[in-house]
Each structure stands twice: as C-alpha cells, then as structure tokens.
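Take a look at the structure set out below.
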Amino acid sequence: MSVEVYYDDDADLGLIQAKKVAVIGYGSQGHAHALSLRDSGVDVVIGLPEGSKSRPKAEEQGLRVLTPAEAAAEADVIMILAPDTAQRHIYAESIAPNLSAGKALFFGHGFNIRYGLIKPPADVDVAMVAPKGPGHLVRRQYVDGKGVPCLVAVEQDGSGNALALALSYAKGIGGTRAGVIKTSFKEETETDLFGEQAVLCGGAAALVQTGFEVLTEAGYAPEVAYFECLHELKLIVDLMYEGGIAKMRYSISDTAEYGDVTRGPRVIDGRVKEEMRKILGEIQSGEFAREWVAEDEAGRPNFRKLQSEGAAHPIEETGAKLRGMMSWVDRPITETA
Ligand SMILES: NC(=O)C1=CN([C@@H]2O[C@H](COP(=O)(O)OP(=O)(O)OC[C@H]3O[C@@H](n4cnc5c(N)ncnc54)[C@H](OP(=O)(O)O)[C@@H]3O)[C@@H](O)[C@H]2O)C=CC1
Ligand SMILES: CC[C@](O)(C(C)=O)C(=O)O
Ligand SMILES: [Mg+2]
Ligand SMILES: [Mg+2]
C-alpha cells in the first residue's frame with residue numbers, strides 16, 4: 001500500500017497565514033507549534049486557563065494569552081494541544097460553545113476522536129497535524145532550518161479544503177521540510193500508541209533499565225553500565241537514524257555485529273513479539289484508552305506510583321552525575337528557543 005508524502009512545494013503557507021490560530025495548551029507540542037507558526041507569519045493566540053503555570057512562559061515569548069474559551073471564540077483554526085485526558089472537558093466547556101460553522105478543529109494526536117470522546121458538529125473541519133517527535137525537538141529542528149516529519153489526517157471536511165489547510169499548518173511548523181504523510185485518525189492513534197508503548201518509550205526504557213540492572217547486579221560499575229546501556233544507545237540510534245540498521249551494522253565491529261544478529265533475537269524473542277501483539281490488541285479494542293481514562297479520573301494513583309519508581313531507579317542517579325560532566329549532553333529543556 002503506497003502512501004502520499006507531501007513536501008514544502010505541496011503546501012501553501014498562505015492558507016494558514018490567512019487564518020487566526022488558537023493553540024490550546026503551551027506544553028511540549030503547544031509551545032513548538034505556537035512559536036514556529038508565529039515565526040512563519042501566522043496570527044497565533046494561546047488558550048490557557050487562568051492560573052495555568054504555562055501562562056508566564058507564553059507571555060515571556062510575547063504571545064497573547066487568553067482563556068481557552070476566549071481563544072476559541074476569536075480563532076478560525078483551533079488546535080488542541082492540552083493533555084489527551086483533559087481534551088474532552090476543554091472541548092465541552094470552552095470549545096464547543098465557540099465552534100461555529102466553517103471553523104476548523106485541529107488535533108496533534110487522534111486519541112479523543114478515535115475513541116469517540118469528542119464528537120464535533122458536521123459543519124466544521126476536523127483535521128490532525130501530528131509531529132512524529134517530541135515537541136521540544138519539533139521546535140529545535142524548526143529553528144535549525146530542519147523539520148520533524150508529521151502525519152496529517154482529515155476526519156471531517158466541512159470546508160472542502162481541510163487537507164490543504166492541514167498541510168499549510170504542517171508547513172508552518174516545519175513538517176513539510178521533512179515529509180508529511182496523509183493517514184487517518186485511526187491509523188495515527190493506534191500506531192502512535194503502539195510505538196510509544198512497545199518500542200520508543202516503554203520498550204526502550206525497559207531494555208535500558210534491564211541491561212543496566214543485569215550488569216550492576218553482576219558487580220560491574222554503574223558508570224560503565226550507564227555508558228554501555230544508555231549513553232551509547234543514542235550514538236547507535238544516530239547511525240540507524242542516518243542510514244538504517246544497515247549503516248549501524250557497517251560502523252560497528254564484526255564482533256559486535258555477530259553478537260547483534262545471534263543474541264538480539266534471543267532478547268527480543270517470540271514471547272516479546274506475542275506481548276507486542278497483545279498490546280496492539282488492547283489499543284485496537286479501546287481497552288488501553290478505557291484504562292487510561294479511568295486511571296486519570298481516579299487521580300492517577302498507579303501512574304504516580306510507577307512514575308516515582310522510575311525516577312528512583314539507580315540509573316538516574318548515575319546518569320545525572322555523568323551527564324553533568326558533558327556540557328553538550330546536559331542540555332536543559334526550554335520553551336524559549
Ligand atoms: N509531547 C509530545 O511531544 C507529543 C504530544 N502529542 C500530543 O499533543 C497533545 C499535547 O501533549 P503535550 O504537548 O505532551 O502536553 P503537555 O503536558 O506537555 O502540555 C499540556 C499543556 O496544556 C495545558 N493545559 C492543561 N490543562 C488545560 C486546560 N484545561 N485548558 C487548556 N490548557 C490546558 C498545560 O498547562 P499547565 O502548564 O498549566 O499544566 C500545558 O501547557 C496531546 O494530544 C499529545 O498526545 C503528539 C505528538 C508528540
Ligand atoms: C513517542 C511519544 C509521543 O508519541 C511522541 C513524542 O511522539 C508522545 O505522545 O509524546
Ligand atoms: Mg508520537
Ligand atoms: Mg503519542
């Protein structure tokens with residue numbers, strides 16, 4: 001199945017420049033979209049509740065900040081970049097009353113539409129521009145003249161022009177510099193959740209922590225284990241990013257490559273693949289979404305406990321000490337780039 005990939009020449013920045021855009025939320029994605037759209041010549045307003053800790057950050061950047069309802073009322077395009085679990089409440093209280101016919105409702109991830117938590121009226125555009133990368137790097141890449149690839153999708157095309165508008169928005173945040181793939185809300189949501197759970201975040205973090213534990217429990221120095229299992233992973237993944245697994249294997253020693261092809265499949269074996277299939281099934285059936293919404297509504301007790309355990313893992317203390325010695329690595333997260 002071939003996909004459509006759009007680049008700078010396929011998108012007209014003028015479409016989004018002609019609209020007023022409300023970015024609801026100013027966190028990882030919100031600050032990146034808002035600042036890059038503004039730098040692309042778009043009229044942007046931020047929607048945040050009174051008392052939000054993000055307000056001073058947006059105001060320091062010279063952005064106009066209103067409440068979500070006021071921002072939605074002013075805007076032609078409303079991009080929701082608040083936490084997924086908060087979006088249905090923000091929509092009901094602040095956006096729906098201000099979502100008149102002809103406006104566009106945009107998302108950075110399809111969770112609330114895919115699982116039926118938000119049901120917009122038929123006379124508005126509903127589209128998604130979902131960067132395939134963390135917001136702080138979306139902004140950093142834009143500033144550096146590069147871009148993070150994005151997915152776009154159109155759920156409702158009230159105007160008949162929703163795809164062109166989404167592509168224009170994607171160009172405004174640098175996405176079309178790297179490539180923008182047209183997909184559906186369903187495909188984006190299910191693949192994004194799978195990727196972050198099984199591979200990018202859940203899988204990778206568990207792999208790193210487990211490797212670190214095996215080495216340190218066997219008596220090796222935590223510092224050596226940290227460099228081996230975490231720090232060097234970035235350098236190995238950099239080669240994969242540049243030229244695939246083939247380029248990584250070209251650069252490593254043949255001893256490493258032999259160990260890679262004979263031992264890797266013993267670590268990530270049939271049982272792991274079967275578990276990945278189960279995780280995908282929970283995403284497809286809506287089980288994960290129901291669990292996450294219920295956990296959030298209960299005040300996130302299990303999530304908070306697991307977050308604390310992760311933060312207390314010995315690899316964090318070792319890493320903090322070592323990164324402190326490498327000024328180029330210990331780079332603060334900033335919303336001001
Ligand atoms: N993080 C990422 O890189 C990616 C995220 N996404 C998607 O982007 C969306 C935003 O995620 P992310 O950037 O991580 O979110 P963050 O948690 O980083 O930021 C959320 C922002 O929303 C604000 N907020 C919280 N409650 C409300 C409210 N009731 N009304 C308005 N604003 C509110 C927060 O303000 P305060 O400071 O006051 O809490 C904060 O500014 C999600 O749909 C996510 O799935 C997609 C791709 C990657
Ligand atoms: C990989 C995590 C992510 O999906 C992302 C940065 O793309 C997220 O939801 O934060
Ligand atoms: Mg993602
Ligand atoms: Mg995600």
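Labeling convention for the structure tokens: chains A, B, ... as they appear, residues from 1 per chain, ligands from 1 in order of appearance.
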(request) Would you kindly return, as a VMD selection string, each protein, DNA or RNA residue with an atom no farther than 12 Å from any atom of region 196-206 of chain A, considering only C-alpha atoms and excluding same-chain residues fewer than 6 positions away? (result) chain A and resid 132 to 134 188 to 190 212 to 213 229 to 230 233 to 234 237 267 to 268 272 to 280 282 to 283 288 310 to 311 313 315 to 316
(message) Please find the residues contacting ligand 4 at a distance of at most 7 Å between atoms, with only C-alpha atoms and all ligand atoms counted, and report them as a ChimeraX atom specification.
(response) /A:109,192-193,196
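Between CA of Arg114 (chain A) and CA of Phe185 (chain A) the separation is 6.1 Å.
Counting only C-alpha atoms and all ligand atoms, the residue from A:Ile252, A:Met240, A:Ile95, A:Val77 that sits nearest to ligand 1 is A:Ile95.
Minimum distance to ligand 3 across A:Ile90, A:Phe194, A:Arg331, A:Val5 (counting only C-alpha atoms and all ligand atoms) occurs at A:Phe194.
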(request) Point out the residue among A:Ser251, A:Thr183, A:Asn98, A:Thr191 with the least atom-to-atom distance to ligand 2, counting only C-alpha atoms and all ligand atoms. (result) A:Thr191
(message) Neighbouring residues of Gly160 (chain A) were defined as those with any atom within 12 Å, considering only C-alpha atoms; residues of the same chain fewer than 4 positions away were excluded. Please report them as a PyMOL selection string.
(response) chain A and resi 102-104+123-127+154-156+164-166
Could you write out that same residue set with N, CA, C and O atoms as a PDB file, in the first residue's frame?
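Output contents, as saved in part-v6.pdb:
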ATOM      1  N   GLY A 102     -17.869  26.420   9.750  1.00  0.00           N
ATOM      2  CA  GLY A 102     -16.794  26.973   8.931  1.00  0.00           C
ATOM      3  C   GLY A 102     -15.449  27.016   9.641  1.00  0.00           C
ATOM      4  O   GLY A 102     -14.418  27.215   9.008  1.00  0.00           O
ATOM      5  N   LYS A 103     -15.470  26.838  10.984  1.00  0.00           N
ATOM      6  CA  LYS A 103     -14.195  26.819  11.698  1.00  0.00           C
ATOM      7  C   LYS A 103     -13.524  25.453  11.534  1.00  0.00           C
ATOM      8  O   LYS A 103     -14.139  24.493  11.057  1.00  0.00           O
ATOM      9  N   ALA A 104     -12.272  25.391  11.975  1.00  0.00           N
ATOM     10  CA  ALA A 104     -11.536  24.125  11.890  1.00  0.00           C
ATOM     11  C   ALA A 104     -11.052  23.738  13.275  1.00  0.00           C
ATOM     12  O   ALA A 104     -10.529  24.578  14.021  1.00  0.00           O
ATOM     13  N   ASP A 123     -20.496  20.557  10.565  1.00  0.00           N
ATOM     14  CA  ASP A 123     -20.197  21.698   9.690  1.00  0.00           C
ATOM     15  C   ASP A 123     -18.838  22.343   9.967  1.00  0.00           C
ATOM     16  O   ASP A 123     -18.581  23.471   9.566  1.00  0.00           O
ATOM     17  N   VAL A 124     -17.952  21.643  10.697  1.00  0.00           N
ATOM     18  CA  VAL A 124     -16.587  22.166  10.885  1.00  0.00           C
ATOM     19  C   VAL A 124     -15.581  21.168  10.301  1.00  0.00           C
ATOM     20  O   VAL A 124     -15.881  19.981  10.172  1.00  0.00           O
ATOM     21  N   ASP A 125     -14.417  21.695   9.945  1.00  0.00           N
ATOM     22  CA  ASP A 125     -13.314  20.812   9.547  1.00  0.00           C
ATOM     23  C   ASP A 125     -12.728  20.176  10.803  1.00  0.00           C
ATOM     24  O   ASP A 125     -12.548  20.863  11.816  1.00  0.00           O
ATOM     25  N   VAL A 126     -12.429  18.888  10.723  1.00  0.00           N
ATOM     26  CA  VAL A 126     -11.720  18.212  11.825  1.00  0.00           C
ATOM     27  C   VAL A 126     -10.495  17.543  11.202  1.00  0.00           C
ATOM     28  O   VAL A 126     -10.621  16.654  10.344  1.00  0.00           O
ATOM     29  N   ALA A 127      -9.322  18.006  11.608  1.00  0.00           N
ATOM     30  CA  ALA A 127      -8.089  17.505  10.996  1.00  0.00           C
ATOM     31  C   ALA A 127      -7.008  17.339  12.052  1.00  0.00           C
ATOM     32  O   ALA A 127      -7.152  17.798  13.188  1.00  0.00           O
ATOM     33  N   VAL A 154      -7.671  13.897   7.867  1.00  0.00           N
ATOM     34  CA  VAL A 154      -8.903  14.686   7.853  1.00  0.00           C
ATOM     35  C   VAL A 154     -10.045  13.769   8.249  1.00  0.00           C
ATOM     36  O   VAL A 154     -10.281  12.748   7.594  1.00  0.00           O
ATOM     37  N   GLU A 155     -10.731  14.116   9.319  1.00  0.00           N
ATOM     38  CA  GLU A 155     -11.874  13.326   9.793  1.00  0.00           C
ATOM     39  C   GLU A 155     -13.169  13.886   9.222  1.00  0.00           C
ATOM     40  O   GLU A 155     -14.074  13.128   8.878  1.00  0.00           O
ATOM     41  N   GLN A 156     -13.248  15.202   9.125  1.00  0.00           N
ATOM     42  CA  GLN A 156     -14.423  15.883   8.559  1.00  0.00           C
ATOM     43  C   GLN A 156     -13.930  17.019   7.683  1.00  0.00           C
ATOM     44  O   GLN A 156     -13.041  17.773   8.092  1.00  0.00           O
ATOM     45  N   ALA A 164      -5.718  20.737   2.536  1.00  0.00           N
ATOM     46  CA  ALA A 164      -4.794  21.821   2.153  1.00  0.00           C
ATOM     47  C   ALA A 164      -4.473  22.694   3.369  1.00  0.00           C
ATOM     48  O   ALA A 164      -3.326  23.134   3.547  1.00  0.00           O
ATOM     49  N   LEU A 165      -5.471  22.927   4.222  1.00  0.00           N
ATOM     50  CA  LEU A 165      -5.244  23.746   5.427  1.00  0.00           C
ATOM     51  C   LEU A 165      -4.325  23.020   6.414  1.00  0.00           C
ATOM     52  O   LEU A 165      -3.420  23.623   6.996  1.00  0.00           O
ATOM     53  N   ALA A 166      -4.530  21.717   6.563  1.00  0.00           N
ATOM     54  CA  ALA A 166      -3.662  20.940   7.465  1.00  0.00           C
ATOM     55  C   ALA A 166      -2.224  20.919   6.941  1.00  0.00           C
ATOM     56  O   ALA A 166      -1.265  21.037   7.721  1.00  0.00           O
TER      57      ALA A 166
END
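When only C-alpha atoms and all ligand atoms are used to compute distances to ligand 1, the closest of the residues A:Ala86, A:Val224, A:Ala153, A:Ala312 turns out to be A:Ala86.
Compared by their closest atoms to Gly147 (chain A), and using only C-alpha atoms, the residues A:Arg55, A:Lys119, A:Arg88, A:His33 rank with A:His33 nearest.
Minimum distance to ligand 1 across A:Cys150, A:Gly14, A:Val45, A:Leu35 (counting only C-alpha atoms and all ligand atoms) occurs at A:Cys150.
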(message) Please identify the helix (DSSP H, G or I) residues within region 129-307 of chain A (assignment by DSSP from backbone atoms) and present them as a PyMOL selection string.
(response) chain A and resi 135-143+162-172+175-178+185-200+202-217+222-251+254-267+270-285+287-297+301-307
(request) Within 7 Å of Val152 (chain A), counting only C-alpha atoms, which residues show up once you throw out same-chain ones fewer than 5 positions away? Write them as a PyMOL selection string, please. (result) chain A and resi 128-130+166+180-183
(request) Give me, please, the distance in Å between atom 2 (C, counted along the ligand's line) of ligand 2 and CA of Ala289 (chain A), quoted to one decimal. (result) 15.4 Å
(request) Extract, using only C-alpha atoms, all DNA, RNA and protein residues at most 8 Å from Ser54 (chain A), discarding same-chain residues fewer than 6 positions from it, and format them as a list in words. (result) Gly25, Tyr26, Gly27 and Leu48 of chain A
(request) Please return as a ChimeraX atom specification: the residues of region 74-121 of chain A that backbone DSSP assigns to strand (DSSP E or B). (result) /A:77-80,104-107
(request) Name the residues in contact with Leu15 (chain A) at a cut-off of 12 Å, using only C-alpha atoms, excluding same-chain residues fewer than 4 positions from it; report them as a ChimeraX atom specification. (result) /A:11,19-21,40-43,76-77,161-172
Residue selection dump (N, CA and C atoms) as a compact mmCIF listing (two decimals), in the first residue's frame:
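Saved file part.txt follows:
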# COMPACT_ATOMS: atom_id res chain seq x y z
N ALA A 11 2.59 22.39 -0.24
CA ALA A 11 1.77 23.08 0.76
C ALA A 11 1.85 24.59 0.56
N LYS A 19 -5.48 32.78 8.37
CA LYS A 19 -6.39 32.42 9.47
C LYS A 19 -5.84 32.90 10.80
N LYS A 20 -6.73 33.00 11.79
CA LYS A 20 -6.26 33.19 13.16
C LYS A 20 -6.26 31.81 13.82
N VAL A 21 -5.14 31.44 14.42
CA VAL A 21 -4.99 30.10 15.01
C VAL A 21 -4.95 30.22 16.54
N SER A 40 6.49 31.74 11.30
CA SER A 40 6.11 31.53 9.89
C SER A 40 5.08 32.56 9.43
N GLY A 41 4.84 33.57 10.24
CA GLY A 41 3.96 34.66 9.82
C GLY A 41 2.48 34.41 10.08
N VAL A 42 2.17 33.53 11.03
CA VAL A 42 0.77 33.22 11.33
C VAL A 42 0.33 33.97 12.58
N ASP A 43 -0.92 34.41 12.57
CA ASP A 43 -1.52 35.12 13.72
C ASP A 43 -1.96 34.07 14.74
N ASP A 76 -10.12 31.05 13.84
CA ASP A 76 -10.70 30.27 12.73
C ASP A 76 -10.27 28.81 12.85
N VAL A 77 -9.03 28.60 13.34
CA VAL A 77 -8.47 27.25 13.49
C VAL A 77 -8.13 27.07 14.97
N ASN A 161 -11.69 22.02 2.05
CA ASN A 161 -10.29 22.44 1.91
C ASN A 161 -9.45 22.01 3.11
N ALA A 162 -9.94 21.04 3.88
CA ALA A 162 -9.31 20.71 5.16
C ALA A 162 -7.90 20.15 4.97
N LEU A 163 -7.69 19.32 3.97
CA LEU A 163 -6.36 18.74 3.78
C LEU A 163 -5.34 19.83 3.44
N ALA A 164 -5.72 20.74 2.54
CA ALA A 164 -4.79 21.82 2.15
C ALA A 164 -4.47 22.69 3.37
N LEU A 165 -5.47 22.93 4.22
CA LEU A 165 -5.24 23.75 5.43
C LEU A 165 -4.32 23.02 6.41
N ALA A 166 -4.53 21.72 6.56
CA ALA A 166 -3.66 20.94 7.47
C ALA A 166 -2.22 20.92 6.94
N LEU A 167 -2.06 20.78 5.64
CA LEU A 167 -0.71 20.79 5.06
C LEU A 167 -0.05 22.16 5.25
N SER A 168 -0.86 23.21 5.11
CA SER A 168 -0.34 24.56 5.30
C SER A 168 0.14 24.74 6.74
N TYR A 169 -0.66 24.23 7.69
CA TYR A 169 -0.27 24.29 9.12
C TYR A 169 1.02 23.50 9.33
N ALA A 170 1.08 22.31 8.73
CA ALA A 170 2.27 21.47 8.89
C ALA A 170 3.51 22.19 8.35
N LYS A 171 3.32 22.95 7.26
CA LYS A 171 4.45 23.71 6.71
C LYS A 171 4.89 24.79 7.71
N GLY A 172 3.91 25.38 8.39
CA GLY A 172 4.19 26.44 9.36
C GLY A 172 5.00 25.97 10.55
(message) Need to verify the contact set: Phe227 (chain A), 10 Å, only C-alpha atoms, exclusion of same-chain residues closer than 5 positions in sequence. Can you return it as a ChimeraX atom specification?
(response) /A:212,222,232-233,318-319,322
Produce a file of the selected residues containing N, CA, C and O atoms, as an mmCIF file, in the first residue's frame.
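Listed below is the output, out26.cif:
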data_model
loop_
_atom_site.group_PDB
_atom_site.id
_atom_site.type_symbol
_atom_site.label_atom_id
_atom_site.label_comp_id
_atom_site.auth_asym_id
_atom_site.auth_seq_id
_atom_site.Cartn_x
_atom_site.Cartn_y
_atom_site.Cartn_z
ATOM 1 N N PHE A 212 21.055 -2.374 32.340
ATOM 2 C CA PHE A 212 21.803 -1.731 33.439
ATOM 3 C C PHE A 212 21.737 -2.606 34.698
ATOM 4 O O PHE A 212 22.749 -2.826 35.375
ATOM 5 N N PRO A 222 28.411 0.928 38.015
ATOM 6 C CA PRO A 222 27.223 1.584 37.441
ATOM 7 C C PRO A 222 27.577 2.565 36.322
ATOM 8 O O PRO A 222 26.836 2.693 35.344
ATOM 9 N N GLU A 232 25.495 5.196 25.051
ATOM 10 C CA GLU A 232 25.916 4.737 23.722
ATOM 11 C C GLU A 232 24.723 4.382 22.826
ATOM 12 O O GLU A 232 24.840 4.365 21.601
ATOM 13 N N LEU A 233 23.581 4.138 23.472
ATOM 14 C CA LEU A 233 22.384 3.845 22.672
ATOM 15 C C LEU A 233 22.068 4.991 21.718
ATOM 16 O O LEU A 233 21.689 4.783 20.565
ATOM 17 N N THR A 318 23.152 7.701 38.582
ATOM 18 C CA THR A 318 24.430 7.523 37.873
ATOM 19 C C THR A 318 24.482 8.443 36.655
ATOM 20 O O THR A 318 25.484 9.118 36.394
ATOM 21 N N GLY A 319 23.387 8.480 35.913
ATOM 22 C CA GLY A 319 23.349 9.283 34.679
ATOM 23 C C GLY A 319 23.478 10.764 34.962
ATOM 24 O O GLY A 319 24.190 11.475 34.245
ATOM 25 N N LEU A 322 27.097 11.648 35.524
ATOM 26 C CA LEU A 322 27.938 11.563 34.327
ATOM 27 C C LEU A 322 27.578 12.644 33.303
ATOM 28 O O LEU A 322 28.464 13.231 32.681
#
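CA of Ile236 (chain A) lies 14.7 Å from CA of Asp254 (chain A).
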